[in-house]
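Visitor: Supplied structure: query36.pdb, PDB, C-alpha atoms.
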```pdb
ATOM      1  CA  ALA A   1      96.244  97.557 128.791
ATOM      2  CA  PRO A   2      96.283  93.834 129.634
ATOM      3  CA  THR A   3      96.027  93.022 133.328
ATOM      4  CA  GLU A   4      98.445  90.736 135.134
ATOM      5  CA  GLY A   5      97.713  87.111 134.330
ATOM      6  CA  SER A   6      95.690  88.015 131.254
ATOM      7  CA  LEU A   7      96.244  86.811 127.728
ATOM      8  CA  HIS A   8      96.037  89.238 124.805
ATOM      9  CA  ILE A   9      95.091  87.545 121.522
ATOM     10  CA  VAL A  10      94.504  89.406 118.261
ATOM     11  CA  ALA A  11      92.535  87.549 115.584
ATOM     12  CA  VAL A  12      91.977  88.909 112.096
ATOM     13  CA  GLY A  13      90.114  87.561 109.095
ATOM     14  CA  ASP A  14      91.330  86.935 105.568
ATOM     15  CA  ILE A  15      94.832  88.094 104.678
ATOM     16  CA  MET A  16      95.228  88.384 100.908
ATOM     17  CA  LEU A  17      98.164  90.303  99.432
ATOM     18  CA  ASP A  18      97.528  89.699  95.711
ATOM     19  CA  ARG A  19      95.377  91.254  92.983
ATOM     20  CA  GLY A  20      94.011  94.684  93.986
ATOM     21  CA  VAL A  21      96.047  94.801  97.191
ATOM     22  CA  LYS A  22      99.265  94.020  95.292
ATOM     23  CA  TYR A  23      98.362  96.657  92.684
ATOM     24  CA  ILE A  24      97.970  99.342  95.385
ATOM     25  CA  VAL A  25     101.175  98.222  97.144
ATOM     26  CA  ASP A  26     103.079  98.504  93.873
ATOM     27  CA  LYS A  27     101.467 101.791  92.805
ATOM     28  CA  VAL A  28     101.192 103.715  96.088
ATOM     29  CA  ALA A  29     103.917 102.158  98.242
ATOM     30  CA  ASN A  30     106.563 101.378  95.612
ATOM     31  CA  GLY A  31     106.269  97.639  96.337
ATOM     32  CA  ASN A  32     106.597  97.935 100.131
ATOM     33  CA  GLN A  33     104.583  94.859 101.150
ATOM     34  CA  SER A  34     104.293  96.114 104.743
ATOM     35  CA  PHE A  35     102.108  98.990 103.518
ATOM     36  CA  PRO A  36      98.727  97.264 104.159
ATOM     37  CA  PHE A  37      99.677  96.796 107.825
ATOM     38  CA  GLN A  38     100.967 100.301 108.555
ATOM     39  CA  TYR A  39      98.074 101.156 110.886
ATOM     40  CA  THR A  40      97.757  97.745 112.557
ATOM     41  CA  THR A  41     101.316  96.463 113.095
ATOM     42  CA  THR A  42     101.689  98.011 116.555
ATOM     43  CA  GLU A  43      98.481  96.387 117.802
ATOM     44  CA  ILE A  44      99.369  93.039 116.244
ATOM     45  CA  GLN A  45     102.871  93.085 117.737
ATOM     46  CA  ARG A  46     101.523  93.972 121.206
ATOM     47  CA  ALA A  47      99.456  90.786 121.288
ATOM     48  CA  ASP A  48     100.734  87.699 123.065
ATOM     49  CA  ILE A  49      99.462  85.744 120.062
ATOM     50  CA  ALA A  50      98.274  87.076 116.697
ATOM     51  CA  PHE A  51      96.159  84.843 114.435
ATOM     52  CA  GLY A  52      94.683  85.241 110.947
ATOM     53  CA  ASN A  53      93.550  83.381 107.837
ATOM     54  CA  LEU A  54      96.060  83.115 104.981
ATOM     55  CA  GLU A  55      93.684  83.411 102.027
ATOM     56  CA  GLY A  56      95.780  81.661  99.391
ATOM     57  CA  PRO A  57      99.290  80.410  98.680
ATOM     58  CA  VAL A  58     102.508  82.375  99.122
ATOM     59  CA  SER A  59     104.641  81.117  96.258
ATOM     60  CA  ASP A  60     106.265  81.717  92.906
ATOM     61  CA  LYS A  61     105.448  78.175  91.768
ATOM     62  CA  GLY A  62     102.448  76.481  90.211
ATOM     63  CA  ALA A  63      99.923  77.304  87.528
ATOM     64  CA  ASN A  64      96.631  79.147  87.849
ATOM     65  CA  VAL A  65      93.881  76.536  88.062
ATOM     66  CA  GLY A  66      91.598  78.808  86.051
ATOM     67  CA  SER A  67      89.490  80.981  88.346
ATOM     68  CA  ILE A  68      89.510  84.722  87.738
ATOM     69  CA  TYR A  69      89.656  84.945  91.546
ATOM     70  CA  SER A  70      92.892  82.939  91.906
ATOM     71  CA  PHE A  71      95.245  84.313  94.554
ATOM     72  CA  ARG A  72      99.010  83.792  94.827
ATOM     73  CA  MET A  73     100.835  86.139  97.151
ATOM     74  CA  PRO A  74     104.457  87.277  96.681
ATOM     75  CA  VAL A  75     107.079  85.136  98.424
ATOM     76  CA  GLY A  76     108.150  88.158 100.489
ATOM     77  CA  SER A  77     104.772  87.958 102.253
ATOM     78  CA  VAL A  78     106.118  85.355 104.684
ATOM     79  CA  GLU A  79     108.717  87.777 106.059
ATOM     80  CA  VAL A  80     106.244  90.690 106.056
ATOM     81  CA  LEU A  81     103.648  88.721 108.033
ATOM     82  CA  ALA A  82     106.304  87.580 110.519
ATOM     83  CA  LYS A  83     107.596  91.135 111.024
ATOM     84  CA  THR A  84     104.022  92.375 111.367
ATOM     85  CA  GLY A  85     103.733  90.044 114.346
ATOM     86  CA  PHE A  86     101.594  87.110 113.248
ATOM     87  CA  ASP A  87     102.214  83.862 115.122
ATOM     88  CA  VAL A  88      99.641  81.415 113.714
ATOM     89  CA  LEU A  89      97.757  81.420 110.416
ATOM     90  CA  SER A  90      94.964  79.180 109.192
ATOM     91  CA  PHE A  91      95.713  77.720 105.765
ATOM     92  CA  ALA A  92      92.343  75.951 105.550
ATOM     93  CA  ASN A  93      90.279  77.876 103.004
ATOM     94  CA  ASN A  94      88.903  77.775  99.479
ATOM     95  CA  HIS A  95      91.883  79.568  97.874
ATOM     96  CA  VAL A  96      94.768  77.344  99.014
ATOM     97  CA  GLY A  97      94.682  75.416  95.725
ATOM     98  CA  ASP A  98      94.390  78.413  93.387
ATOM     99  CA  TRP A  99      97.834  77.757  91.872
ATOM    100  CA  GLY A 100      97.830  73.974  92.199
ATOM    101  CA  ARG A 101      99.619  71.512  94.433
ATOM    102  CA  ASP A 102     103.065  72.955  93.678
ATOM    103  CA  ALA A 103     102.175  76.377  95.104
ATOM    104  CA  PHE A 104     100.307  74.773  98.017
ATOM    105  CA  PHE A 105     103.291  72.631  98.992
ATOM    106  CA  ASP A 106     105.713  75.511  98.411
ATOM    107  CA  THR A 107     103.678  77.612 100.859
ATOM    108  CA  LEU A 108     103.949  74.907 103.529
ATOM    109  CA  GLU A 109     107.725  74.792 103.029
ATOM    110  CA  ARG A 110     108.173  78.567 103.114
ATOM    111  CA  PHE A 111     106.285  78.880 106.410
ATOM    112  CA  ARG A 112     108.100  75.869 107.880
ATOM    113  CA  GLY A 113     111.231  78.031 107.814
ATOM    114  CA  SER A 114     109.558  81.036 109.474
ATOM    115  CA  SER A 115     108.387  82.017 112.945
ATOM    116  CA  ILE A 116     104.739  81.625 111.848
ATOM    117  CA  ARG A 117     102.973  78.288 112.256
ATOM    118  CA  LEU A 118     100.256  77.184 109.825
ATOM    119  CA  THR A 119      97.219  75.218 110.954
ATOM    120  CA  GLY A 120      94.479  73.388 109.050
ATOM    121  CA  ALA A 121      96.734  72.149 106.248
ATOM    122  CA  GLY A 122      99.803  70.009 105.872
ATOM    123  CA  LYS A 123     101.864  67.470 103.988
ATOM    124  CA  ASN A 124      99.290  64.819 104.988
ATOM    125  CA  LEU A 125      96.122  64.474 107.071
ATOM    126  CA  ALA A 126      97.990  63.906 110.349
ATOM    127  CA  GLU A 127      99.876  67.183 109.918
ATOM    128  CA  ALA A 128      96.743  69.083 108.825
ATOM    129  CA  GLU A 129      94.921  67.880 111.951
ATOM    130  CA  GLN A 130      97.784  68.681 114.331
ATOM    131  CA  VAL A 131      96.967  71.340 116.899
ATOM    132  CA  VAL A 132      99.382  74.276 116.858
ATOM    133  CA  ILE A 133     100.263  75.195 120.434
ATOM    134  CA  LYS A 134     101.723  78.508 121.585
ATOM    135  CA  GLU A 135     102.592  78.740 125.265
ATOM    136  CA  VAL A 136     102.255  82.099 127.006
ATOM    137  CA  ASN A 137     103.055  82.424 130.711
ATOM    138  CA  GLY A 138     102.507  78.708 131.206
ATOM    139  CA  VAL A 139      99.152  78.705 129.381
ATOM    140  CA  ARG A 140      98.982  76.369 126.380
ATOM    141  CA  VAL A 141      96.872  78.041 123.683
ATOM    142  CA  GLY A 142      95.959  75.769 120.779
ATOM    143  CA  PHE A 143      94.754  76.448 117.247
ATOM    144  CA  VAL A 144      93.019  74.149 114.756
ATOM    145  CA  ALA A 145      91.376  75.225 111.511
ATOM    146  CA  PHE A 146      88.845  73.807 109.074
ATOM    147  CA  SER A 147      87.288  74.834 105.769
ATOM    148  CA  ASP A 148      83.941  73.550 104.624
ATOM    149  CA  VAL A 149      84.181  74.924 101.095
ATOM    150  CA  GLY A 150      87.027  72.843  99.645
ATOM    151  CA  PRO A 151      88.482  72.579  97.117
ATOM    152  CA  ASN A 152      87.923  68.851  97.560
ATOM    153  CA  TRP A 153      90.693  67.918  95.102
ATOM    154  CA  ILE A 154      93.270  69.224  97.586
ATOM    155  CA  ARG A 155      91.774  67.634 100.684
ATOM    156  CA  ALA A 156      94.496  66.203 102.943
ATOM    157  CA  SER A 157      94.691  62.426 103.106
ATOM    158  CA  ALA A 158      96.927  59.927 104.873
ATOM    159  CA  SER A 159      99.413  60.101 102.018
ATOM    160  CA  SER A 160      98.865  63.441 100.250
ATOM    161  CA  PRO A 161      99.136  67.124 101.173
ATOM    162  CA  GLY A 162      96.069  69.267 101.525
ATOM    163  CA  LEU A 163      93.702  71.142 103.774
ATOM    164  CA  LEU A 164      91.405  70.019 106.550
ATOM    165  CA  ILE A 165      87.820  70.013 105.289
ATOM    166  CA  ALA A 166      85.150  70.108 107.981
ATOM    167  CA  SER A 167      82.900  67.147 108.632
ATOM    168  CA  PRO A 168      81.071  66.467 111.894
ATOM    169  CA  GLU A 169      83.209  63.377 112.544
ATOM    170  CA  ASP A 170      86.493  65.156 111.842
ATOM    171  CA  ILE A 171      85.520  68.158 113.942
ATOM    172  CA  ASP A 172      84.631  65.965 116.934
ATOM    173  CA  ARG A 173      87.832  63.930 116.637
ATOM    174  CA  VAL A 174      90.272  66.791 115.964
ATOM    175  CA  VAL A 175      88.787  69.238 118.472
ATOM    176  CA  GLY A 176      88.408  66.518 121.127
ATOM    177  CA  ARG A 177      92.049  65.485 120.804
ATOM    178  CA  ALA A 178      93.320  69.087 120.670
ATOM    179  CA  ALA A 179      91.326  70.056 123.764
ATOM    180  CA  LEU A 180      93.211  67.432 125.764
ATOM    181  CA  GLU A 181      96.553  68.996 124.786
ATOM    182  CA  THR A 182      95.680  72.633 125.522
ATOM    183  CA  ASP A 183      94.402  74.944 128.223
ATOM    184  CA  ILE A 184      92.609  77.198 125.720
ATOM    185  CA  LEU A 185      91.616  76.007 122.249
ATOM    186  CA  LEU A 186      90.689  78.336 119.394
ATOM    187  CA  VAL A 187      88.937  76.699 116.428
ATOM    188  CA  SER A 188      88.770  78.535 113.097
ATOM    189  CA  PHE A 189      86.170  77.757 110.426
ATOM    190  CA  HIS A 190      86.281  79.116 106.888
ATOM    191  CA  PHE A 191      82.713  78.889 105.625
ATOM    192  CA  GLY A 192      79.574  80.708 104.583
ATOM    193  CA  ASP A 193      78.371  82.758 101.646
ATOM    194  CA  GLU A 194      80.613  85.235  99.850
TER     195      GLU A 194
END
```
Before anything else, please render the file you have as structure tokens.
Guide:
Amino acid sequence: APTEGSLHIVAVGDIMLDRGVKYIVDKVANGNQSFPFQYTTTEIQRADIAFGNLEGPVSDKGANVGSIYSFRMPVGSVEVLAKTGFDVLSFANNHVGDWGRDAFFDTLERFRGSSIRLTGAGKNLAEAEQVVIKEVNGVRVGFVAFSDVGPNWIRASASSPGLLIASPEDIDRVVGRAALETDILLVSFHFGDE
């Protein structure tokens, strides 16, 4: 059990509720999208802050850009992830553009209306770089997220939506600025070999 004055953070990896996961949810759980979290919800909800990586868009918009590994999660996933207890999700990864800009932007809008904050992506570069801060017992905990594997065509710019792609200069600038605004800063990187 957490001690007085402690902070309990749960961090998980990729969350992907499409393809094989969706098939099992439909077949075994009659479409109950909470099924994949049945053994972890209690632990996630007990945390002061729960963080994960949203591995693709949550939308019913867009068109598959062509990969056989394209992910697009059901729109009900937003509510399921909120009820499961997630507070902050990284949306900086290589699958955010799998269903094009329409699904990407739709995902941003759907989460904007939820209790979950997205980091590492936004309607422009300033929003993608913005630290997400959750305050717990007077402690400001910040989250920023980067991907170093693109896709480059949906990289955030001053005037277009996209994700935050890691570069040494961006990392120094974003992390340096975020550190000044927070007591504890957690930085998420989506990178490496499959």
Visitor: Could you check the closest approach to A:Met16 for each of A:Ala179, A:Ala47, A:Ala121, A:Met73 and tell me which residue wins, using all atoms listed in the file?
Guide: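 Ranking A:Ala179, A:Ala47, A:Ala121, A:Met73 by distance to A:Met16, first place goes to A:Met73.
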Visitor: Please list as an MDAnalysis selection string every residue within 12 Å of stretch 164-178 of chain A, counting all atoms listed in the file and excluding residues in the same chain fewer than 4 positions away.
Guide: chainID A and resid 90:94 96 118:133 140:158 160 182:191
Visitor: Please produce a file of those selected residues containing C-alpha atoms, as a tab-separated table (two decimals), in the frame of the given file.
Guide:
```
chain	number	residue	atom	x	y	z
A	90	SER	CA	94.96	79.18	109.19
A	91	PHE	CA	95.71	77.72	105.76
A	92	ALA	CA	92.34	75.95	105.55
A	93	ASN	CA	90.28	77.88	103.00
A	94	ASN	CA	88.90	77.78	99.48
A	96	VAL	CA	94.77	77.34	99.01
A	118	LEU	CA	100.26	77.18	109.82
A	119	THR	CA	97.22	75.22	110.95
A	120	GLY	CA	94.48	73.39	109.05
A	121	ALA	CA	96.73	72.15	106.25
A	122	GLY	CA	99.80	70.01	105.87
A	123	LYS	CA	101.86	67.47	103.99
A	124	ASN	CA	99.29	64.82	104.99
A	125	LEU	CA	96.12	64.47	107.07
A	126	ALA	CA	97.99	63.91	110.35
A	127	GLU	CA	99.88	67.18	109.92
A	128	ALA	CA	96.74	69.08	108.82
A	129	GLU	CA	94.92	67.88	111.95
A	130	GLN	CA	97.78	68.68	114.33
A	131	VAL	CA	96.97	71.34	116.90
A	132	VAL	CA	99.38	74.28	116.86
A	133	ILE	CA	100.26	75.19	120.43
A	140	ARG	CA	98.98	76.37	126.38
A	141	VAL	CA	96.87	78.04	123.68
A	142	GLY	CA	95.96	75.77	120.78
A	143	PHE	CA	94.75	76.45	117.25
A	144	VAL	CA	93.02	74.15	114.76
A	145	ALA	CA	91.38	75.22	111.51
A	146	PHE	CA	88.84	73.81	109.07
A	147	SER	CA	87.29	74.83	105.77
A	148	ASP	CA	83.94	73.55	104.62
A	149	VAL	CA	84.18	74.92	101.10
A	150	GLY	CA	87.03	72.84	99.64
A	151	PRO	CA	88.48	72.58	97.12
A	152	ASN	CA	87.92	68.85	97.56
A	153	TRP	CA	90.69	67.92	95.10
A	154	ILE	CA	93.27	69.22	97.59
A	155	ARG	CA	91.77	67.63	100.68
A	156	ALA	CA	94.50	66.20	102.94
A	157	SER	CA	94.69	62.43	103.11
A	158	ALA	CA	96.93	59.93	104.87
A	160	SER	CA	98.86	63.44	100.25
A	182	THR	CA	95.68	72.63	125.52
A	183	ASP	CA	94.40	74.94	128.22
A	184	ILE	CA	92.61	77.20	125.72
A	185	LEU	CA	91.62	76.01	122.25
A	186	LEU	CA	90.69	78.34	119.39
A	187	VAL	CA	88.94	76.70	116.43
A	188	SER	CA	88.77	78.54	113.10
A	189	PHE	CA	86.17	77.76	110.43
A	190	HIS	CA	86.28	79.12	106.89
A	191	PHE	CA	82.71	78.89	105.62
```
Visitor: Could you list as a list in words every residue that has an atom within 9 Å of (104.8, 74.0, 93.4), using the file's coordinates and counting only C-alpha atoms?
Guide: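 With a cut-off of 9 Å, the residues come to Ser59, Asp60, Lys61, Gly62, Ala63, Trp99, Gly100, Arg101, Asp102, Ala103, Phe104, Phe105, Asp106 and Thr107 of chain A.
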Visitor: Could you tell me, as a PyMOL selection string, which residues have any atom at most 8 Å from (105.9, 84.7, 114.5), counting all atoms listed in the file?
Guide: chain A and resi 81-83+85-88+114-117
Visitor: Can you sort out the box for stretch 169-174 of chain A, edges along x, y and z, all listed atoms in, 4 Å on every side, with centre and edge lengths in Å to one decimal, as JSON?
Guide:
```
{"center_x": 86.7, "center_y": 65.8, "center_z": 114.4, "size_x": 15.1, "size_y": 12.8, "size_z": 13.1}
```
Visitor: May I ask which of the residues A:Lys27, A:Arg19, A:Arg46, A:His8 is the closest one to A:Phe71, counting all atoms listed in the file?
Guide: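 Comparing A:Lys27, A:Arg19, A:Arg46, A:His8 against A:Phe71, the winner is A:Arg19.
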Visitor: Between atom CA of A:Gly20 and atom CA of A:Gly76, what is the spacing in Å?
Guide: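 Interatomic distance here is 16.9 Å.
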